[in-house]
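Asker: Encoded as structure tokens, here's the structure I'll be asking about.
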Amino acid sequence: MAQQHLDPTDPAAARPSPPDSGRAGGAATGDALAGYLRAQATEFLRALRLHRETGSGQNGTEESVDAARALRHSARRISGSLHTFRPLLDSDWSEEMRPELAWLSGTLALEHACAARLERLLLALHRLSGSAAFPAQSAASAVGGRVTGAGRGIPAPAGARGGGTGTGPAATPTATAERGNLTVGAAKAGALLERQLTLARTRAHSTALQALGSSRFHAVADKVAVLASEVPLTPAAATADLRPLATAAGERLTDAVTALPLVTAGHPYNAEALIHGLSPDPAPHPQDGPWHQVRLLLRLHRYAGEVLHGDGAPTDVRLLAAGQALNLHRDASEAAAAAASAARTPRIAPATAYALGVLHADQRHEVEAARFAFQQSWQKQAVGTP
């Protein structure tokens with residue numbers, strides 16, 4: 001592949017050739033893969049240019065936040081496609097490019113993750129203290145279910161409405177308004193979480209700024225700029241059918257889901273997510289790993305469908321619901337880990353530690369609710385060729 005130095009923020013550097021569907025005779029070929037990669041590379045460069053124009057301060061504009069999100073999305077789609085269709089791409093180039101894109105998307109995601117985690121935990125503290133309305137959605141309601149009790153993903157009784165998320169008839173949007181201040185323990189727990197996660201967010205922001213100004217990032221951006229006009233396909237890729245590789249991605253997803261304890265997850269309030277909750281091991285919860293892996297494989301499966309079908313990719317509502325449930329599973333799992341980490345802070349008051357313990361258990365219940373919601377969605381979804 002010919003190397004040339006391009007300004008990655010110049011739209012002229014990302015001027016793909018006229019789109020070629022690469023789907024002659026109903027079968028997507030290497031031309032479809034090349035068109036998809038060129039389009040994602042162009043989106044990457046457009047987002048990068050917008051990010052630099054709108055500023056990147058910690059209190060940046062909505063446009064800069066959207067630009068950073070678009071950078072992550074395009075980087076993930078390029079990396080995922082390189083993984084799924086790697087037999088059709090130059091192996092040396094692909095193996096060098098994938099980890100760099102993963103590094104970039106992961107680095108850019110940290111600041112947003114810290115902010116979202118803090119918001120989630122503070123909302124949960126207020127909900128558990130009875131001092132604020134319940135969030136509009138939780139693990140089940142966001143994927144088509146109903147929420148009862150403490151926001152668990154369990155179907156509500158007949159006649160319940162999507163907005164009813166309380167503990168009884170009085171739990172209406174009006175009745176669940178502010179009912180008092182947080183308890184002392186909950187307030188101190190919230191302050192501790194805010195200090196820790198704000199510090200983590202500040203560090204993540206600094207790390208992202210350093211990354212975007214590094215020679216490593218500029219090397220990645222240069223390669224993406226070249227990709228926007230020149231995709232290093234193998235000689236056989238032009239006539240190769242993409243469907244077998246996309247089908248293999250779906251099969252890997254199906255195999256990973258089969259290994260999950262879906263029978264247990266199919267029973268509400270099964271308490272599986274609380275097992276090992278008192279383990280002294282500060283590492284991430286061991287049972288969450290397979291579920292996180294399924295989330296990544298589901299994303300790869302979705303990207304493969306985008307390559308095959310282009311803008312005409314069908315939207316499977318059930319598969320989308322399964323993905324949303326796994327996103328909520330990840331969020332709740334990481335929030336629970338943050339609460340547990342805060343509870344290990346030396347010399348905190350017993351009331352603070354108690355509030356953090358309740359918060360940890362609440363988020364582990366949300367993990368369980370997300371698993372239940374995923375199981376309900378997956379039972380209705382048969383994964384085949386994208």
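Lettering and numbering for the structure tokens are positional, with chains as A, B, ... in the shown order, residues counted from 1 in each chain, and ligands counted from 1 in the shown order.
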Counting only C-alpha atoms, what is within 10 Å of His360 of chain A, bar same-chain residues fewer than 6 positions away, as a ChimeraX atom specification?
Answerer: /A:121,124,274,277,332-333,335-343,354,366
Asker: Write a file of the just-selected residues containing N, CA and C atoms, as an mmCIF file, in the first residue's frame.
Answerer:
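The new file part_28.cif reads:
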```cif
data_model
loop_
_atom_site.group_PDB
_atom_site.id
_atom_site.type_symbol
_atom_site.label_atom_id
_atom_site.label_comp_id
_atom_site.auth_asym_id
_atom_site.auth_seq_id
_atom_site.Cartn_x
_atom_site.Cartn_y
_atom_site.Cartn_z
ATOM 1 N N LEU A 121 -24.928 6.764 39.714
ATOM 2 C CA LEU A 121 -24.823 6.459 41.133
ATOM 3 C C LEU A 121 -25.536 7.505 41.989
ATOM 4 N N ALA A 124 -29.199 6.890 41.780
ATOM 5 C CA ALA A 124 -29.557 5.713 42.574
ATOM 6 C C ALA A 124 -29.575 6.044 44.058
ATOM 7 N N LEU A 274 -25.660 -11.354 42.766
ATOM 8 C CA LEU A 274 -25.133 -11.003 44.075
ATOM 9 C C LEU A 274 -24.110 -12.008 44.583
ATOM 10 N N GLY A 277 -20.576 -11.299 46.009
ATOM 11 C CA GLY A 277 -20.646 -9.874 46.307
ATOM 12 C C GLY A 277 -19.804 -9.461 47.497
ATOM 13 N N ALA A 332 -24.296 -0.861 34.811
ATOM 14 C CA ALA A 332 -24.588 -1.212 36.199
ATOM 15 C C ALA A 332 -23.419 -1.945 36.840
ATOM 16 N N SER A 333 -22.771 -2.817 36.082
ATOM 17 C CA SER A 333 -21.627 -3.554 36.611
ATOM 18 C C SER A 333 -20.497 -2.605 36.995
ATOM 19 N N ALA A 335 -20.781 0.616 37.618
ATOM 20 C CA ALA A 335 -21.221 1.475 38.716
ATOM 21 C C ALA A 335 -21.100 0.743 40.051
ATOM 22 N N ALA A 336 -21.465 -0.534 40.064
ATOM 23 C CA ALA A 336 -21.325 -1.323 41.288
ATOM 24 C C ALA A 336 -19.859 -1.412 41.712
ATOM 25 N N ALA A 337 -18.967 -1.593 40.746
ATOM 26 C CA ALA A 337 -17.537 -1.648 41.057
ATOM 27 C C ALA A 337 -17.049 -0.324 41.628
ATOM 28 N N ALA A 338 -17.575 0.793 41.116
ATOM 29 C CA ALA A 338 -17.185 2.102 41.641
ATOM 30 C C ALA A 338 -17.668 2.285 43.076
ATOM 31 N N ALA A 339 -18.887 1.811 43.371
ATOM 32 C CA ALA A 339 -19.404 1.900 44.740
ATOM 33 C C ALA A 339 -18.567 1.043 45.681
ATOM 34 N N ALA A 340 -18.193 -0.160 45.242
ATOM 35 C CA ALA A 340 -17.371 -1.035 46.074
ATOM 36 C C ALA A 340 -15.995 -0.426 46.313
ATOM 37 N N SER A 341 -15.440 0.198 45.275
ATOM 38 C CA SER A 341 -14.133 0.832 45.421
ATOM 39 C C SER A 341 -14.194 1.982 46.422
ATOM 40 N N ALA A 342 -15.267 2.779 46.361
ATOM 41 C CA ALA A 342 -15.417 3.879 47.313
ATOM 42 C C ALA A 342 -15.575 3.362 48.736
ATOM 43 N N ALA A 343 -16.249 2.222 48.885
ATOM 44 C CA ALA A 343 -16.460 1.654 50.219
ATOM 45 C C ALA A 343 -15.162 1.172 50.844
ATOM 46 N N TYR A 354 -22.159 1.942 54.978
ATOM 47 C CA TYR A 354 -23.444 1.247 54.831
ATOM 48 C C TYR A 354 -24.184 1.728 53.579
ATOM 49 N N GLU A 366 -29.442 -4.320 39.482
ATOM 50 C CA GLU A 366 -29.646 -3.798 38.134
ATOM 51 C C GLU A 366 -28.918 -4.656 37.098
#
```
Asker: So that I can see what lies close to Arg371 of chain A, please list as a list of chain:residue names the residues with an atom at most 10 Å from it, counting only C-alpha atoms and leaving out residues fewer than 2 positions away in the same chain.
Answerer: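 So, after excluding close chain neighbours, the residues are A:Ala139, A:Ala140, A:Gly153, A:Leu260, A:Pro261, A:Leu262, A:Thr264, A:Ala265, A:Gly266, A:His267, A:Pro268, A:Glu272, A:Ala273, A:Trp291, A:Ala322, A:Ala325, A:Leu326, A:Leu328, A:His329, A:His365, A:Glu366, A:Val367, A:Glu368, A:Ala369, A:Ala373, A:Phe374, A:Gln375, A:Gln376, A:Ser377.
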Asker: Counting only C-alpha atoms, which residues of segment 257-333 of chain A fall within 8 Å of segment 234-247 of chain A, and what is the closest atom pair for each with its distance in Å at one decimal, ordered by chain and rising number, as CSV?
Answerer:
```
residue,atom,partner,partner_atom,distance
A:His301,CA,A:Ala246,CA,7.1
A:Ala304,CA,A:Ala246,CA,5.5
A:Gly305,CA,A:Ala246,CA,7.3
A:Leu308,CA,A:Leu242,CA,7.2
```
Asker: Find the residues near Arg195 of chain A: any atom within 12 Å, counting only C-alpha atoms, skip ones fewer than 3 places away on the same chain, and give them as a short mmCIF file (atom, residue, chain, number, x, y, z; two decimals) with N, CA and C atoms, in the first residue's frame.
Answerer:
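The resulting file, out05.cif, is shown below:
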```cif
data_model
loop_
_atom_site.label_atom_id
_atom_site.label_comp_id
_atom_site.auth_asym_id
_atom_site.auth_seq_id
_atom_site.Cartn_x
_atom_site.Cartn_y
_atom_site.Cartn_z
N CYS A 114 -16.92 8.02 32.99
CA CYS A 114 -16.85 8.50 34.37
C CYS A 114 -18.02 9.42 34.68
N ALA A 115 -18.35 10.31 33.76
CA ALA A 115 -19.47 11.23 33.99
C ALA A 115 -20.79 10.48 34.08
N LEU A 118 -21.04 8.53 37.43
CA LEU A 118 -21.37 9.39 38.57
C LEU A 118 -22.84 9.76 38.56
N LYS A 188 -22.89 11.74 52.46
CA LYS A 188 -21.44 11.60 52.48
C LYS A 188 -20.97 10.60 51.43
N ALA A 189 -21.76 9.56 51.20
CA ALA A 189 -21.41 8.60 50.15
C ALA A 189 -21.42 9.28 48.79
N GLY A 190 -22.44 10.12 48.55
CA GLY A 190 -22.50 10.85 47.30
C GLY A 190 -21.34 11.80 47.13
N ALA A 191 -20.96 12.49 48.21
CA ALA A 191 -19.83 13.41 48.13
C ALA A 191 -18.53 12.66 47.85
N LEU A 192 -18.36 11.48 48.47
CA LEU A 192 -17.16 10.69 48.23
C LEU A 192 -17.10 10.21 46.78
N THR A 198 -15.08 12.47 39.83
CA THR A 198 -14.69 13.72 39.18
C THR A 198 -13.18 13.75 38.94
N LEU A 199 -12.43 13.26 39.92
CA LEU A 199 -10.98 13.16 39.73
C LEU A 199 -10.65 12.20 38.59
N ALA A 200 -11.36 11.06 38.54
CA ALA A 200 -11.13 10.10 37.46
C ALA A 200 -11.49 10.71 36.11
N ARG A 201 -12.57 11.50 36.08
CA ARG A 201 -12.96 12.14 34.83
C ARG A 201 -11.92 13.16 34.38
N THR A 202 -11.41 13.95 35.34
CA THR A 202 -10.39 14.93 35.00
C THR A 202 -9.14 14.26 34.43
N ALA A 338 -17.57 0.79 41.12
CA ALA A 338 -17.18 2.10 41.64
C ALA A 338 -17.67 2.28 43.08
N ALA A 342 -15.27 2.78 46.36
CA ALA A 342 -15.42 3.88 47.31
C ALA A 342 -15.58 3.36 48.74
N THR A 345 -12.49 2.91 50.85
CA THR A 345 -11.72 4.08 51.28
C THR A 345 -11.44 4.01 52.78
#
```
Asker: Can you measure atom CA of Gln196 of chain A to atom CA of Glu119 of chain A for me? One decimal in Å is fine.
Answerer: 12.8 Å
